[in-house]
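Q: Please find one structure pasted underneath; my questions will follow.
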Amino acid sequence: MPLTKAEVRWAFGQHSLYNLSAIRQAAAVLDACAQPMSIENVESYLSDLTPYRSPLSAADTHYWEKSYLHVDAEGRLWLNRTAPEVRAMRRAIRKLARPSQVWEAREQHWQRVSEERKANLSAERERQQRDAVQLRRAVLRLVPEHGLPTAAALLDVGAHAVETFVGDELVRLPAVVKKFDLVAALWVREALHALGISDQDRFRLVDLQPPRKTRRLNREGRLLAITPQLLISSTTGINRPLGDSAKVATYLATGQIGKLRRRIESDVKALFSFYHYGMLQGCVRLRWGFLDEVLPVDWAVPGDVHLYEMLDECHARGTRVDLVWGSAPGWNDPWSRARSVKVVSLEAYYVVIEGDGQQWSLPRSEIQAIRPTAEAPKGA
């Protein structure tokens with residue numbers, strides 16, 4: 001069988017041909033192209049395949065005394081395919097081509113596998129995103145935090161609404177909680193147990209208590225107690241994220257139900273901001289004095305928005321994003337402080353963004369919320 005152009009490419013492509021005779025190089029090209037060619041065209045063909053060879057010239061043909069290759073009156077090279085030497089030439093070229101042929105076949109196979117895997121992962125990611133959006137989530141705040149609760153607030157993430165329960169109203173809370181798929185709270189299992197909910201495995205539970213209790217400050221062993229108030233304030237920038245338990249008890253004892261409801265509503269909103277940051281970043285912040293560290297958390301479910309992934313996707317597509325950084329977004333209008341920017345580059349701990357004709361670096365840990373910038377309506 002005649003050589004193919006692919007076989008010649010496998011044999012010669014970016015390979016050293018100094019040990020292969022010039023006549024076999026030319027014969028292989030003529031066999032693959034199946035037509036007579038000038039010595040200049042043969043040389044051009046070979047030079048496109050590899051630079052690691054000696055160039056051919058018309059003077060070289062005077063020394064070729066092979067019966068299967070000759071020059072006609074017009075100076076073109078002809079290949080006599082019926083000559084017995086052609087078989088040996090083809091075997092030699094195919095032997096050279098075999099390693100590259102196998103390598104290319106493997107590369108094509110793995111490329112197909114990679115493309116199929118990417119398609120499967122993309123489909124799975126879309127399914128996870130749909131499931132994550134449909135997941136009914138609640139953030140729960142009980143006071144006091146331990147023992148029998150006297151008041152509670154429940155934040156419905158999907159409905160962006162807060163409901164409070166004080167005194168006798170608490171009997172309705174277990175039924176309301178059971179409508180959700182995910183419950184986030186401080187000491188969440190203890191909280192559900194205090195409400196009399198025993199079948200806790202029906203929920204996906206997110207415990208918002210600090211992932212670490214203490215932080216060693218110096219060699220002498222001085223320890224910093226990591227409380228929920230410290231970690232929530234460090235992460236969200238909210239000065240008083242949780243109300244004082246003594247004041248809450250006073251509100252209840254003196255019948256100041258309005259103040260009590262406002263306090264626990266504020267508490268559960270701070271817990272939501274804390275939960276949202278941890279879900280978005282995969283960590284929460286610890287800031288105290290000279291400390292500015294992150295503590296990893298696993299609060300996100302498959303399909304949730306992840307900060308780095310969205311930044312990377314918008315950077316690859318060249319689309320703009322709305323960012324809120326600094327302190328946590330407000331509850332009534334979460335995007336009132338958002339700025340639409342373009343992602344210039346992603347670095348280890350910060351992102352370079354561009355907005356209003358200026359570029360600056362923003363630590364990723366400062367970002368509290370992100371969404372793709374909505375496109376303006378046509379004609380707007």
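Each chain of the structure tokens is named A, B, ... in the order shown, its residues numbered from 1; ligands are numbered from 1 in display order.
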Skip segment 12-25 of chain A itself and residues of its chain fewer than 6 positions away, then list as an mmCIF file with C-alpha atoms, in the first residue's frame all residues within 8 Å of it, counting only C-alpha atoms.

A:
```cif
data_model
loop_
_atom_site.group_PDB
_atom_site.id
_atom_site.type_symbol
_atom_site.label_atom_id
_atom_site.label_comp_id
_atom_site.auth_asym_id
_atom_site.auth_seq_id
_atom_site.Cartn_x
_atom_site.Cartn_y
_atom_site.Cartn_z
ATOM 1 C CA LEU A 46 9.911 18.334 3.925
ATOM 2 C CA LEU A 49 7.568 18.936 8.550
ATOM 3 C CA THR A 50 10.913 19.308 10.336
ATOM 4 C CA PRO A 51 13.927 21.633 10.460
ATOM 5 C CA TYR A 52 16.219 18.824 11.599
ATOM 6 C CA ARG A 53 17.498 17.658 8.216
ATOM 7 C CA SER A 54 19.839 18.560 5.374
ATOM 8 C CA LEU A 56 17.620 18.948 -0.846
ATOM 9 C CA TRP A 64 20.834 9.130 -7.184
ATOM 10 C CA LEU A 69 13.378 7.432 -8.552
ATOM 11 C CA MET A 89 11.260 2.245 1.606
ATOM 12 C CA LEU A 96 9.635 5.439 11.850
ATOM 13 C CA ALA A 97 5.998 6.543 11.866
#
```

Q: For Trp335 of chain A, list every protein, DNA or RNA residue within 10 Å, evaluated using only C-alpha atoms, and leave out those in the same chain fewer than 6 positions away; present the list as a list in words.

A: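 Surrounding residues, per the criterion: Asp322, Leu323, Val324, Pro329, Ala369, Ile370 and Arg371 of chain A.
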
Q: Mind pulling up the distance from atom CA of Ser273 of chain A to atom CA of Leu362 of chain A?

A: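 Distance reported for this atom pair: 20.0 Å.
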
Q: Please report, as an MDAnalysis selection string, each residue of segment 103-216 of chain A to which DSSP assigns strand (DSSP E or B) when run on this structure's backbone.

A: chainID A and resid 137:143 151:156 161:166 182:185 204:207 214:216

Q: Have a look at A:Glu104, A:Glu366, A:Asp31, A:Asp207 and name the one nearest to Arg87 of chain A; count only C-alpha atoms.

A: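 Of A:Glu104, A:Glu366, A:Asp31, A:Asp207, the one nearest Arg87 of chain A, counting only C-alpha atoms, is A:Asp31.
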
Q: What are the closest atom pairs, with distances in Å to one decimal, for each residue of segment 229-338 of chain A lying within 10 Å of segment 115-133 of chain A, using only C-alpha atoms, rows by chain and rising residue number, as CSV?

A:
```
residue,atom,partner,partner_atom,distance
A:Ala300,CA,A:Ala132,CA,9.4
A:Val301,CA,A:Ala132,CA,6.9
A:Pro302,CA,A:Gln128,CA,5.7
A:Gly303,CA,A:Gln129,CA,3.9
A:Asp304,CA,A:Ala132,CA,5.9
A:Val305,CA,A:Gln129,CA,8.2
```

Q: Residues within 12 Å of Gln359 of chain A, please, as number ranges by chain. Count only C-alpha atoms; anything in the same chain fewer than 3 positions from it doesn't count.

A: A: 341-345, 351-356, 362

Q: Taking only C-alpha atoms into account, name the residue in A:Val139, A:Ala159, A:Leu230, A:Val166 that is nearest to Leu192 of chain A.

A: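 Using only C-alpha atoms, Leu192 of chain A sits closest to A:Val139.
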
Q: Residues near Tyr277 of chain A, anyone? I mean within 9 Å using only C-alpha atoms, not counting same-chain ones fewer than 2 positions away, as a list in words.

A: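 Result of the neighbour search: Thr235, Thr236, Phe272, Ser273, Phe274, Tyr275, Met279, Leu280, Gln281, Gly282, Cys283, Val284, Ala328, Ile367, Gln368 and Ala369 of chain A.
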
Q: So which residues touch segment 172-174 of chain A within 12 Å, counting only C-alpha atoms, skipping near sequence neighbours fewer than 2 positions away, as number ranges by chain?

A: A: 138, 140-142, 149-155, 163-170, 176-180, 183, 191-200

Q: What does the distance between atom CA of Leu295 of chain A and atom CA of Gln134 of chain A come to in Å, to one decimal place?

A: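 Atom-to-atom, atom CA of Leu295 of chain A to atom CA of Gln134 of chain A, that is 28.1 Å.
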